[in-house]
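Data first, discussion second: the structure below is written as structure tokens.
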Amino acid sequence: MRPVVIVYVTAGNGHRTAARAVRQELDRRGAPNVIMDLLDFSSDLFKWSYSDVYAFVSEHSHLVCRMMYDLKDQSREESVMLRFLESITMNQVTKFMRIIAENEPEVILCTHFFPLSVISRMKEQGLYNGRLYAAITDYGLHRTWLNEHVDRYFIASEWIRKGLLEAGTPPGSVTMSGIPVMRAYAECTGEPPPPSKDGRFRILFVTSSIPGSLALDIVRAIAGTGVGTDLTIVMGRNRDLADDLEQVTLPAGVRLATHGFVDNLDAFMRRSDLMITKPGGLTVSEALCTGIPMILVNPIPKQEINNSVYLQENGAGILARSADEVGAIVSRLSGDRDALAEMRRRALGLAYPNAAETLVDTILGEMGRAEGS
């Protein structure tokens, strides 16, 4: 059995995490696999411009994000600009293309649209003849994922299914799997945490990729509600926030705990009543598995806005457009535990804790049928 090749791009952490979740499941079954970041096969300058610049723009310039989203959300055949950009990016990853052509993997799974586009062009040109799978890592569909050379899509919402079918994708090539999460989340029971001994409202605030000024305004808004709160902040790469928080005067009713990077965010989710977060596809999927209700802030146009709308329409999260709105929602939910319980029930109803298993079952099953034919 040849290895399953999993390809992602480090543009945010979600695509990499989805790839790692699939690899974790393949490893658990003893199935050979190789995982790659497509950008590792490009120049340092291109890798920096694609990864680090993306991280900066997604945090500080949503207008640019919206413009890029709209530019890419077009038909490749109808857009000269899109074909021009594609030719530039394809030229940056010729080393990757050569490795794929020389090794002829039987299966490639992409958790980002860039490698999906590269492999699709290779199939079009007869340079790759294996199977190509796509795991879409958001809850809305962007046209960059659409390609006639994809053998199967793994998706997380009916919105995406509808979009794929309307674009001409055969129904049998679409699997409602959910977005792959690590086993720590897959194994969560979804049970609410026991009530705090002193009746405090326990809020988890994940501030990575949220501008420091907005994060501080949200902390102040929570402090101004008068709600007795245990506020836990996980800062991730938002390193400067710790120093800024020292300048904020909190009332006696608010207890603050801060953390940098953590490798057990699931544990923080499981012992909190509510989470405030950016609505990235992977973060949302992990949270749904734990059942934690969400306030969604600072979404990137338009993919994270789509995620927010999806969660809000399904009752698992609430989109807050300002720090004051966050404070108002916290004030309301802290006094309405029935509403929190309903949000938790709705979240668990949207969760796909076994997404990685579904992907691996499908991929290995189709590989087995191909070998037996």
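We name chains A, B, ... following the order of the structure tokens; residues begin at 1 in each chain, and ligands are numbered from 1 as shown.
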Set the distance at 7 Å and use only C-alpha atoms: which residues neighbour region 354-364 of chain A once local chain neighbours fewer than 6 positions away are removed? I'd like the list as a ChimeraX atom specification. /A:21-22,25-26,177-181,186
Checklist entry - Neighbours of region 6-12 of chain A within 9 Å (only C-alpha atoms; same-chain residues fewer than 2 positions away dropped), as a VMD selection string? => result chain A and resid 4 14 to 16 18 to 20 22 to 23 33 to 40 47 50 to 52 54 to 55 58 107 to 116 280
* To do: DSSP on the backbone, then: every residue of region 275-308 of chain A marked strand (DSSP E or B), written as a PyMOL selection string.
  => chain A and resi 275-277+294-296
Between CA of Ala184 (chain A) and CA of Thr277 (chain A), measure the distance and give it in Å to one decimal.
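About the pair CA of Ala184 (chain A) and CA of Thr277 (chain A): they are 19.1 Å apart.
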Residue with smallest distance to Glu325 (chain A) - pool A:Arg152, A:Arg220, A:Arg161, A:Lys95, counting only C-alpha atoms: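 Nearest candidate to Glu325 (chain A) out of A:Arg152, A:Arg220, A:Arg161, A:Lys95: A:Arg220.
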Quick one: DSSP alpha helix (DSSP H) residues in region 25-220 of chain A, as a ChimeraX atom specification?
/A:25-28,44-47,53-60,62-72,80-91,94-103,113-124,158-166,183-186,212-220
Residues within 7 Å of region 232-246 of chain A, only C-alpha atoms, excluding chain neighbours under 4 positions, as a PDB file with N, CA and C atoms, in the first residue's frame:
```
ATOM      1  N   ILE A 203     -15.681  32.395  31.370  1.00  0.00           N
ATOM      2  CA  ILE A 203     -15.548  32.780  29.969  1.00  0.00           C
ATOM      3  C   ILE A 203     -14.135  32.458  29.485  1.00  0.00           C
ATOM      4  N   LEU A 204     -14.059  31.795  28.342  1.00  0.00           N
ATOM      5  CA  LEU A 204     -12.800  31.549  27.659  1.00  0.00           C
ATOM      6  C   LEU A 204     -12.715  32.511  26.480  1.00  0.00           C
ATOM      7  N   PHE A 205     -11.650  33.299  26.436  1.00  0.00           N
ATOM      8  CA  PHE A 205     -11.464  34.285  25.377  1.00  0.00           C
ATOM      9  C   PHE A 205     -10.184  33.925  24.618  1.00  0.00           C
ATOM     10  N   VAL A 206     -10.341  33.468  23.366  1.00  0.00           N
ATOM     11  CA  VAL A 206      -9.195  33.099  22.526  1.00  0.00           C
ATOM     12  C   VAL A 206      -8.882  34.296  21.636  1.00  0.00           C
ATOM     13  N   THR A 207      -7.752  34.961  21.901  1.00  0.00           N
ATOM     14  CA  THR A 207      -7.494  36.246  21.258  1.00  0.00           C
ATOM     15  C   THR A 207      -6.505  36.181  20.101  1.00  0.00           C
ATOM     16  N   SER A 208      -5.966  35.010  19.785  1.00  0.00           N
ATOM     17  CA  SER A 208      -5.013  34.921  18.684  1.00  0.00           C
ATOM     18  C   SER A 208      -5.651  35.444  17.399  1.00  0.00           C
ATOM     19  N   SER A 209      -4.929  36.331  16.695  1.00  0.00           N
ATOM     20  CA  SER A 209      -5.376  36.957  15.439  1.00  0.00           C
ATOM     21  C   SER A 209      -6.447  38.017  15.646  1.00  0.00           C
ATOM     22  N   GLY A 212      -5.045  43.682  19.261  1.00  0.00           N
ATOM     23  CA  GLY A 212      -4.951  43.919  20.702  1.00  0.00           C
ATOM     24  C   GLY A 212      -5.925  44.961  21.202  1.00  0.00           C
ATOM     25  N   LEU A 256      -8.934  37.283  36.412  1.00  0.00           N
ATOM     26  CA  LEU A 256      -8.316  37.121  35.100  1.00  0.00           C
ATOM     27  C   LEU A 256      -7.151  36.139  35.169  1.00  0.00           C
ATOM     28  N   ALA A 257      -7.129  35.203  34.193  1.00  0.00           N
ATOM     29  CA  ALA A 257      -5.991  34.293  34.031  1.00  0.00           C
ATOM     30  C   ALA A 257      -5.582  34.338  32.572  1.00  0.00           C
ATOM     31  N   THR A 258      -4.283  34.470  32.307  1.00  0.00           N
ATOM     32  CA  THR A 258      -3.806  34.562  30.931  1.00  0.00           C
ATOM     33  C   THR A 258      -2.838  33.428  30.610  1.00  0.00           C
ATOM     34  N   HIS A 259      -2.872  33.011  29.357  1.00  0.00           N
ATOM     35  CA  HIS A 259      -1.997  31.947  28.866  1.00  0.00           C
ATOM     36  C   HIS A 259      -1.524  32.337  27.474  1.00  0.00           C
ATOM     37  N   GLY A 260      -0.332  31.890  27.093  1.00  0.00           N
ATOM     38  CA  GLY A 260       0.176  32.114  25.743  1.00  0.00           C
ATOM     39  C   GLY A 260      -0.339  31.034  24.819  1.00  0.00           C
ATOM     40  N   PHE A 261       0.569  30.267  24.239  1.00  0.00           N
ATOM     41  CA  PHE A 261       0.167  29.104  23.447  1.00  0.00           C
ATOM     42  C   PHE A 261      -0.145  27.954  24.394  1.00  0.00           C
TER      43      PHE A 261
END
```
message: What does the structure give for the distance between CA of Ala287 (chain A) and CA of Ser117 (chain A), in Å to one decimal?
response: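 Interatomic distance, CA of Ala287 (chain A) to CA of Ser117 (chain A): 29.4 Å.
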Q. Between CA of Lys197 (chain A) and CA of Gly253 (chain A), what is the spacing in Å?
A.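 The value is 14.5 Å.
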Item checked: 12 Å contact set for Glu313 (chain A), only C-alpha atoms, chain neighbours under 3 positions out, as a list in words ->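 The residues that qualify are Trp159, Asn306, Asn307, Ser308, Val309, Tyr310, Ala316, Gly317, Ile318, Leu319, Met343, Arg346, Ala347 and Leu350 of chain A.
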Print the selection's residues with N, CA and C atoms to a file, as an mmCIF file, in the first residue's frame.
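Once written, selection_31.cif looks like this:
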```
data_model
loop_
_atom_site.group_PDB
_atom_site.id
_atom_site.type_symbol
_atom_site.label_atom_id
_atom_site.label_comp_id
_atom_site.auth_asym_id
_atom_site.auth_seq_id
_atom_site.Cartn_x
_atom_site.Cartn_y
_atom_site.Cartn_z
ATOM 1 N N TRP A 159 -24.864 24.054 3.156
ATOM 2 C CA TRP A 159 -24.553 25.184 2.274
ATOM 3 C C TRP A 159 -23.544 24.755 1.215
ATOM 4 N N ASN A 306 -19.113 33.930 6.767
ATOM 5 C CA ASN A 306 -19.987 32.809 6.426
ATOM 6 C C ASN A 306 -20.075 31.809 7.567
ATOM 7 N N ASN A 307 -18.942 31.508 8.196
ATOM 8 C CA ASN A 307 -18.955 30.607 9.345
ATOM 9 C C ASN A 307 -19.836 31.156 10.457
ATOM 10 N N SER A 308 -19.717 32.471 10.704
ATOM 11 C CA SER A 308 -20.508 33.107 11.760
ATOM 12 C C SER A 308 -21.996 33.018 11.479
ATOM 13 N N VAL A 309 -22.360 33.326 10.238
ATOM 14 C CA VAL A 309 -23.777 33.280 9.861
ATOM 15 C C VAL A 309 -24.310 31.857 10.000
ATOM 16 N N TYR A 310 -23.519 30.885 9.577
ATOM 17 C CA TYR A 310 -23.933 29.480 9.682
ATOM 18 C C TYR A 310 -24.198 29.101 11.137
ATOM 19 N N ALA A 316 -25.896 27.987 17.438
ATOM 20 C CA ALA A 316 -24.745 27.557 18.234
ATOM 21 C C ALA A 316 -23.819 28.704 18.613
ATOM 22 N N GLY A 317 -23.980 29.852 17.978
ATOM 23 C CA GLY A 317 -23.114 30.988 18.249
ATOM 24 C C GLY A 317 -23.835 32.284 17.968
ATOM 25 N N ILE A 318 -23.252 33.387 18.458
ATOM 26 C CA ILE A 318 -23.818 34.717 18.249
ATOM 27 C C ILE A 318 -22.707 35.616 17.728
ATOM 28 N N LEU A 319 -22.944 36.279 16.610
ATOM 29 C CA LEU A 319 -21.978 37.200 16.044
ATOM 30 C C LEU A 319 -22.112 38.558 16.729
ATOM 31 N N MET A 343 -28.018 26.593 23.394
ATOM 32 C CA MET A 343 -26.899 26.808 22.488
ATOM 33 C C MET A 343 -25.959 25.607 22.503
ATOM 34 N N ARG A 346 -27.547 22.848 20.484
ATOM 35 C CA ARG A 346 -27.450 23.130 19.056
ATOM 36 C C ARG A 346 -26.017 22.913 18.547
ATOM 37 N N ALA A 347 -25.028 23.318 19.350
ATOM 38 C CA ALA A 347 -23.633 23.123 18.955
ATOM 39 C C ALA A 347 -23.320 21.645 18.763
ATOM 40 N N LEU A 350 -24.465 20.169 15.574
ATOM 41 C CA LEU A 350 -23.706 20.507 14.365
ATOM 42 C C LEU A 350 -22.344 19.825 14.319
#
```
Query - Residue with smallest distance to Ala323 (chain A) - pool A:Ala351, A:Leu231, A:Leu296, A:Leu165, counting only C-alpha atoms - result: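 Closest candidate: A:Leu296.
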Close residues, Trp145 (chain A) itself excluded, 12 Å, only C-alpha atoms, min 5 positions apart in chain, as number ranges by chain: A: 72-76, 110-118, 120, 133-138, 140, 150, 152-155, 160, 163-164, 167, 169
Closest of A:Gly130, A:Gly335, A:Ser49, A:Ser42 to Ala370 (chain A), counting only C-alpha atoms, is A:Gly130
Inset, instruction - Skip Ile218 (chain A) itself and residues of its chain fewer than 5 positions away, then list as a ChimeraX atom specification all residues within 8 Å of it, counting only C-alpha atoms. - result: /A:323-324,326-327
Please, could you write that set of residues out with C-alpha atoms as a PDB file, in the first residue's frame?
```pdb
ATOM      1  CA  ALA A 323     -17.001  45.082  22.110  1.00  0.00           C
ATOM      2  CA  ASP A 324     -20.169  46.633  23.527  1.00  0.00           C
ATOM      3  CA  VAL A 326     -20.004  41.298  23.463  1.00  0.00           C
ATOM      4  CA  GLY A 327     -20.672  42.858  26.862  1.00  0.00           C
TER       5      GLY A 327
END
```
- Item | Spatial neighbours of region 187-195 of chain A, max dist 8 Å, only C-alpha atoms, sep filter under 5 positions, as a list in words | Arg270, Arg271, Ser272, Asp273, Cys289, Thr290, Gly291, Ile292, Arg344, Leu348 and Pro353 of chain A
Save the residues we just selected, N, CA and C atoms, as a PDB file, in the first residue's frame?
```pdb
ATOM      1  N   ARG A 270     -13.810  22.717  27.775  1.00  0.00           N
ATOM      2  CA  ARG A 270     -14.690  21.818  28.534  1.00  0.00           C
ATOM      3  C   ARG A 270     -15.028  22.365  29.909  1.00  0.00           C
ATOM      4  N   ARG A 271     -14.196  23.236  30.465  1.00  0.00           N
ATOM      5  CA  ARG A 271     -14.504  23.746  31.806  1.00  0.00           C
ATOM      6  C   ARG A 271     -15.019  25.190  31.792  1.00  0.00           C
ATOM      7  N   SER A 272     -15.403  25.684  30.595  1.00  0.00           N
ATOM      8  CA  SER A 272     -15.917  27.059  30.479  1.00  0.00           C
ATOM      9  C   SER A 272     -17.393  27.039  30.102  1.00  0.00           C
ATOM     10  N   ASP A 273     -18.095  28.120  30.474  1.00  0.00           N
ATOM     11  CA  ASP A 273     -19.515  28.259  30.146  1.00  0.00           C
ATOM     12  C   ASP A 273     -19.732  28.876  28.774  1.00  0.00           C
ATOM     13  N   CYS A 289     -17.515  20.306  18.945  1.00  0.00           N
ATOM     14  CA  CYS A 289     -17.356  18.972  19.541  1.00  0.00           C
ATOM     15  C   CYS A 289     -17.427  19.018  21.069  1.00  0.00           C
ATOM     16  N   THR A 290     -17.003  20.123  21.654  1.00  0.00           N
ATOM     17  CA  THR A 290     -17.087  20.252  23.119  1.00  0.00           C
ATOM     18  C   THR A 290     -18.449  20.763  23.557  1.00  0.00           C
ATOM     19  N   GLY A 291     -19.207  21.337  22.615  1.00  0.00           N
ATOM     20  CA  GLY A 291     -20.524  21.866  22.930  1.00  0.00           C
ATOM     21  C   GLY A 291     -20.528  23.266  23.491  1.00  0.00           C
ATOM     22  N   ILE A 292     -19.391  23.932  23.554  1.00  0.00           N
ATOM     23  CA  ILE A 292     -19.356  25.239  24.208  1.00  0.00           C
ATOM     24  C   ILE A 292     -20.057  26.301  23.356  1.00  0.00           C
ATOM     25  N   ARG A 344     -25.741  25.047  23.663  1.00  0.00           N
ATOM     26  CA  ARG A 344     -24.882  23.855  23.772  1.00  0.00           C
ATOM     27  C   ARG A 344     -25.508  22.688  23.009  1.00  0.00           C
ATOM     28  N   LEU A 348     -23.718  20.832  19.700  1.00  0.00           N
ATOM     29  CA  LEU A 348     -23.450  19.401  19.600  1.00  0.00           C
ATOM     30  C   LEU A 348     -24.169  18.790  18.407  1.00  0.00           C
ATOM     31  N   PRO A 353     -17.593  14.951  15.423  1.00  0.00           N
ATOM     32  CA  PRO A 353     -16.377  14.543  16.132  1.00  0.00           C
ATOM     33  C   PRO A 353     -15.594  13.450  15.422  1.00  0.00           C
TER      34      PRO A 353
END
```
